[in-house]
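Chemist: Please read through the structure below; I'll follow up with questions.
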Amino acid sequence: MKKILLSVFIIGLVFFFACKKDGSSQKANTLQFVKTIPGGCATDSTMHGSRSFEPDTVIWHISNDSLSVFVGFNAECCRKFKTDENISNDTIYMNISLLPGPACNCLCYYTYDFLFTGINQPYYYLVTLPDDKTMAGYIEP
């Protein structure tokens, strides 16, 4: 009886260590925010008279381990916005919020390019724009 129990115990240990993951194949979450680059009407006041309108959009691009998330949206001219970002688990949150101040009587296309480094796994993203607009998607390197 002792031989049977000892055999079962040894077989159990073998299976335990054979099936245990050592984590070496799992990649660590190393995504880090670098900076946000404003563009469009956010930086060029001469664009305020332009009559070209683009759709609200998010376009992401990966090069090596760097991720660029381009966000473009239409809003009233002469507005000022602030950006912030947060990475939580498998989701990147990007927020563009309106700062107090006057607006002009026209529409303009604002762009912001969120730059990250260290992407080595898939992420969801959620972009929140003024007026409670949101855009979401999935990034797979």
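Following the order of the structure tokens, first chain is A, next is B, and so on, with residues numbered from 1 inside each chain and ligands from 1 in the order they appear.
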Give me the residues near region 128-138 of chain A as a ChimeraX atom specification, where near means some atom within 9 Å (using only C-alpha atoms) and where sequence neighbours in that chain fewer than 2 positions away do not count.
Modeler: /A:56-58,73,75,81,91,93-98,122-126,140
Chemist: Extract, using only C-alpha atoms, all DNA, RNA and protein residues at most 7 Å from Tyr109 (chain A), discarding same-chain residues fewer than 5 positions from it, and format them as a list in words.
Modeler: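 Using only C-alpha atoms, the neighbours found are Gly40, Cys41, Phe53, Glu54, Gly72, Phe73, Asn74 and Ala75 of chain A.
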Chemist: Can you tell me which residues surround Asp113 (chain A) at a distance of at most 12 Å, considering only C-alpha atoms, apart from same-chain residues fewer than 5 positions away, and format the answer as a count of residues only?
Modeler: 28
Chemist: Mind checking which residues fall within 10 Å of Gly101 (chain A), counting only C-alpha atoms, ignoring those fewer than 6 positions away in the same chain, and posting them as a short mmCIF file (atom, residue, chain, number, x, y, z; two decimals) with all heavy atoms, in the first residue's frame?
Modeler:
```cif
data_model
loop_
_atom_site.label_atom_id
_atom_site.label_comp_id
_atom_site.auth_asym_id
_atom_site.auth_seq_id
_atom_site.Cartn_x
_atom_site.Cartn_y
_atom_site.Cartn_z
N CYS A 78 -10.87 77.65 -32.54
CA CYS A 78 -10.32 78.46 -31.44
C CYS A 78 -10.43 77.80 -30.08
O CYS A 78 -10.20 78.44 -29.06
CB CYS A 78 -10.97 79.85 -31.39
SG CYS A 78 -10.90 80.75 -32.95
N ARG A 79 -10.78 76.52 -30.04
CA ARG A 79 -10.88 75.83 -28.74
C ARG A 79 -9.52 75.32 -28.32
O ARG A 79 -8.64 75.07 -29.12
CB ARG A 79 -11.87 74.65 -28.81
CG ARG A 79 -13.29 75.01 -29.21
CD ARG A 79 -13.95 76.13 -28.45
NE ARG A 79 -14.04 76.02 -27.02
CZ ARG A 79 -15.14 75.82 -26.33
NH1 ARG A 79 -16.29 75.70 -26.95
NH2 ARG A 79 -15.10 75.77 -25.01
N LYS A 80 -9.36 75.13 -27.03
CA LYS A 80 -8.13 74.57 -26.46
C LYS A 80 -8.51 73.26 -25.77
O LYS A 80 -9.56 73.16 -25.13
CB LYS A 80 -7.51 75.52 -25.44
CG LYS A 80 -7.15 76.86 -26.00
CD LYS A 80 -5.89 76.77 -26.82
CE LYS A 80 -5.51 78.17 -27.27
NZ LYS A 80 -4.75 78.19 -28.47
N PHE A 81 -7.64 72.27 -25.90
CA PHE A 81 -7.90 70.95 -25.33
C PHE A 81 -6.69 70.49 -24.52
O PHE A 81 -5.57 70.93 -24.76
CB PHE A 81 -8.16 69.92 -26.45
CG PHE A 81 -9.35 70.25 -27.29
CD1 PHE A 81 -9.21 71.01 -28.44
CD2 PHE A 81 -10.62 69.83 -26.92
CE1 PHE A 81 -10.30 71.32 -29.22
CE2 PHE A 81 -11.72 70.13 -27.70
CZ PHE A 81 -11.56 70.88 -28.85
#
```
Chemist: I'd like the interatomic distance between CA of Cys108 (chain A) and CA of Asn86 (chain A), to a tenth of an Å.
Modeler: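 Interatomic distance, CA of Cys108 (chain A) to CA of Asn86 (chain A): 26.6 Å.
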Chemist: Would you please give, as a count of residues only, all residues of region 34-112 of chain A that DSSP assigns to strand (DSSP E) based on the backbone?
Modeler: 47
Chemist: Between CA of Ser88 (chain A) and CA of Asn64 (chain A), what is the distance, to one decimal in Å?
Modeler: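 It comes out at 21.9 Å.
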Chemist: In Å, with one decimal, what is the gap from CA of Leu107 (chain A) to CA of Cys77 (chain A)?
Modeler: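 Taking CA of Leu107 (chain A) and CA of Cys77 (chain A), their separation equals 5.2 Å.
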